[in-house]
Amino acid sequence: DGQYWSTYDLPPPPSGRVWQYGWHLYQVVFGNGYFVGQTKVELSDTFLYSHSYTSFDGTNWQNGSFPSFSYGEGASAYAGGFFFGVFGSTLYTSPDGQTMTAATPPVVGIDGCCLAYGKERYSLFGPVGKFWISTNGTAWTAAYGGDRSFIRQVIRGNSQYVAVGDRIMNSADGTSFSTVPDSPSLELPYGYYPGRYGGIDYDGTNYVVVLGGVWTSTNGTFWASRNSNVNQLLAGVCRGDSRWVAVGDNGAIITSPSGLAWTLRTSGTANHLA
């Protein structure tokens, strides 16, 4: 129900490696009746290894079929009826997180950080203005998104795309983005990884953006600050059947039925949530 939370254990990643610092689930996406989660496995203080999990119910998890790869965190998303995973130098698509098809990756597609679908077109975003578009999710064309900010997440709203980076940006066509005038600053404190924090979602009426606070908008242009009732950086937000849920550092979970007034919940963990 988004109000009461329980913790569950993940199965160990594949054998044959020494998990010096453990593994951390940093991203979960849902679509087509499946959850697909992505972990960051720390083999040492300088080397990262990524691995995927899948679940039908969000409680029982198994090792996923997306490939494990020895390069940072990767990116995954559900858009247009498919799961997408950017892993190493390959882009994979899957209808269920289990059966995979390797697609032709865009040039330096390894930088892909978020993906959206709208107007029968996929849009894949990377840092410093990198941007690719595709009509089928397999063949990609490089473009320029119009802004060199680091984009953390982008969504398709009712008639526009809205992205969060250092500021909030929007676009009518998903190709050319511009910073929303007077949008709140979403710059992180020094030393925080920009891909780890900040999120946006849309429920058909309201956009909600989270980071060091909560902001809402009905049109993606004019934004109002809301009281989050938590003193933690927030990493993600989503809309469920009856309420908004946002999560962040030190086990922070806040919920709201409308996105306007937020209630702090007990997560049962002090781990960082995303």
# chains A, B, ... in the order shown; residues from 1 in each chain; ligands from 1

call {"tool": "residues_around", "arguments": {"residues": "A:Asn227", "least_positions_apart": "6", "cutoff": "12 Å", "atoms": "only C-alpha atoms", "output": "list in words"}}
result
Val210, Gly212, Gly213, Val214, Trp215, Thr216, Ile254, Thr255, Ser256, Gly259, Leu260, Ala261, Trp262, Thr263 and Leu264 of chain A

call {"tool": "closest_residue", "arguments": {"among": "A:Thr54, A:Gln160, A:Ser134, A:Thr175", "to": "A:Thr99", "atoms": "only C-alpha atoms"}}
result
A:Thr54

call {"tool": "closest_residue", "arguments": {"among": "A:Ser183, A:Ser6, A:Ser76, A:Gln98", "to": "A:Leu115", "atoms": "only C-alpha atoms"}}
result
A:Ser76

call {"tool": "residues_around", "arguments": {"residues": "A:Ser55", "least_positions_apart": "2", "cutoff": "6 Å", "atoms": "only C-alpha atoms", "output": "PyMOL selection string"}}
result
chain A and resi 34-35+57-58+60-61

call {"tool": "write_last_selection", "arguments": {"atoms": "N, CA and C atoms", "output": "mmCIF file, in the first residue's frame"}}
result
data_model
loop_
_atom_site.group_PDB
_atom_site.id
_atom_site.type_symbol
_atom_site.label_atom_id
_atom_site.label_comp_id
_atom_site.auth_asym_id
_atom_site.auth_seq_id
_atom_site.Cartn_x
_atom_site.Cartn_y
_atom_site.Cartn_z
ATOM 1 N N TYR A 34 6.294 -7.481 -14.637
ATOM 2 C CA TYR A 34 7.577 -7.889 -14.094
ATOM 3 C C TYR A 34 8.282 -6.698 -13.436
ATOM 4 N N PHE A 35 9.053 -7.002 -12.386
ATOM 5 C CA PHE A 35 10.022 -6.065 -11.839
ATOM 6 C C PHE A 35 11.403 -6.477 -12.342
ATOM 7 N N ASP A 57 6.585 -10.468 -8.189
ATOM 8 C CA ASP A 57 5.766 -9.886 -7.131
ATOM 9 C C ASP A 57 6.483 -8.848 -6.281
ATOM 10 N N GLY A 58 7.774 -8.584 -6.546
ATOM 11 C CA GLY A 58 8.531 -7.627 -5.755
ATOM 12 C C GLY A 58 9.015 -8.191 -4.442
ATOM 13 N N ASN A 60 9.841 -12.050 -4.135
ATOM 14 C CA ASN A 60 10.723 -13.160 -4.475
ATOM 15 C C ASN A 60 11.524 -12.804 -5.727
ATOM 16 N N TRP A 61 12.848 -12.781 -5.576
ATOM 17 C CA TRP A 61 13.732 -12.322 -6.643
ATOM 18 C C TRP A 61 14.638 -13.448 -7.117
#

call {"tool": "select_by_dssp", "arguments": {"residues": "stretch 121-168 of chain A", "states": "strand (DSSP E or B)", "output": "list in words"}}
result
Arg121, Tyr122, Ser123, Leu124, Phe125, Lys130, Phe131, Trp132, Ile133, Ser134, Thr141, Ala142, Ala143, Tyr144, Gln153, Val154, Ile155, Arg156, Tyr161, Val162, Ala163, Val164 and Ile168 of chain A

call {"tool": "residues_around", "arguments": {"residues": "A:Thr93", "least_positions_apart": "4", "cutoff": "7 Å", "atoms": "only C-alpha atoms", "output": "list in words"}}
result
Phe82, Phe83, Phe84, Gly85, Met100, Thr101, Ala102 and Ala103 of chain A

call {"tool": "write_last_selection", "arguments": {"atoms": "N, CA, C and O atoms", "output": "mmCIF file, in the first residue's frame"}}
result
data_model
loop_
_atom_site.group_PDB
_atom_site.id
_atom_site.type_symbol
_atom_site.label_atom_id
_atom_site.label_comp_id
_atom_site.auth_asym_id
_atom_site.auth_seq_id
_atom_site.Cartn_x
_atom_site.Cartn_y
_atom_site.Cartn_z
ATOM 1 N N PHE A 82 8.672 -2.432 -23.689
ATOM 2 C CA PHE A 82 9.892 -3.217 -23.586
ATOM 3 C C PHE A 82 10.779 -2.699 -22.456
ATOM 4 O O PHE A 82 10.800 -1.503 -22.156
ATOM 5 N N PHE A 83 11.534 -3.620 -21.845
ATOM 6 C CA PHE A 83 12.627 -3.249 -20.971
ATOM 7 C C PHE A 83 13.856 -2.967 -21.832
ATOM 8 O O PHE A 83 14.106 -3.669 -22.815
ATOM 9 N N PHE A 84 14.600 -1.942 -21.448
ATOM 10 C CA PHE A 84 15.844 -1.616 -22.120
ATOM 11 C C PHE A 84 16.969 -1.644 -21.093
ATOM 12 O O PHE A 84 16.804 -1.178 -19.966
ATOM 13 N N GLY A 85 18.105 -2.174 -21.505
ATOM 14 C CA GLY A 85 19.290 -2.164 -20.658
ATOM 15 C C GLY A 85 20.499 -1.752 -21.466
ATOM 16 O O GLY A 85 20.766 -2.320 -22.534
ATOM 17 N N MET A 100 16.085 -11.848 -23.992
ATOM 18 C CA MET A 100 16.794 -10.646 -24.411
ATOM 19 C C MET A 100 17.086 -10.658 -25.900
ATOM 20 O O MET A 100 17.279 -11.709 -26.497
ATOM 21 N N THR A 101 17.151 -9.469 -26.464
ATOM 22 C CA THR A 101 17.603 -9.277 -27.835
ATOM 23 C C THR A 101 18.632 -8.162 -27.830
ATOM 24 O O THR A 101 18.372 -7.083 -27.302
ATOM 25 N N ALA A 102 19.806 -8.449 -28.387
ATOM 26 C CA ALA A 102 20.848 -7.429 -28.473
ATOM 27 C C ALA A 102 20.545 -6.500 -29.635
ATOM 28 O O ALA A 102 20.258 -6.949 -30.748
ATOM 29 N N ALA A 103 20.558 -5.211 -29.370
ATOM 30 C CA ALA A 103 20.276 -4.212 -30.396
ATOM 31 C C ALA A 103 21.555 -3.483 -30.760
ATOM 32 O O ALA A 103 22.550 -3.536 -30.043
#

call {"tool": "residues_around", "arguments": {"residues": "A:Asn219", "least_positions_apart": "3", "cutoff": "8 Å", "atoms": "only C-alpha atoms", "output": "ChimeraX atom specification"}}
result
/A:206-207,222
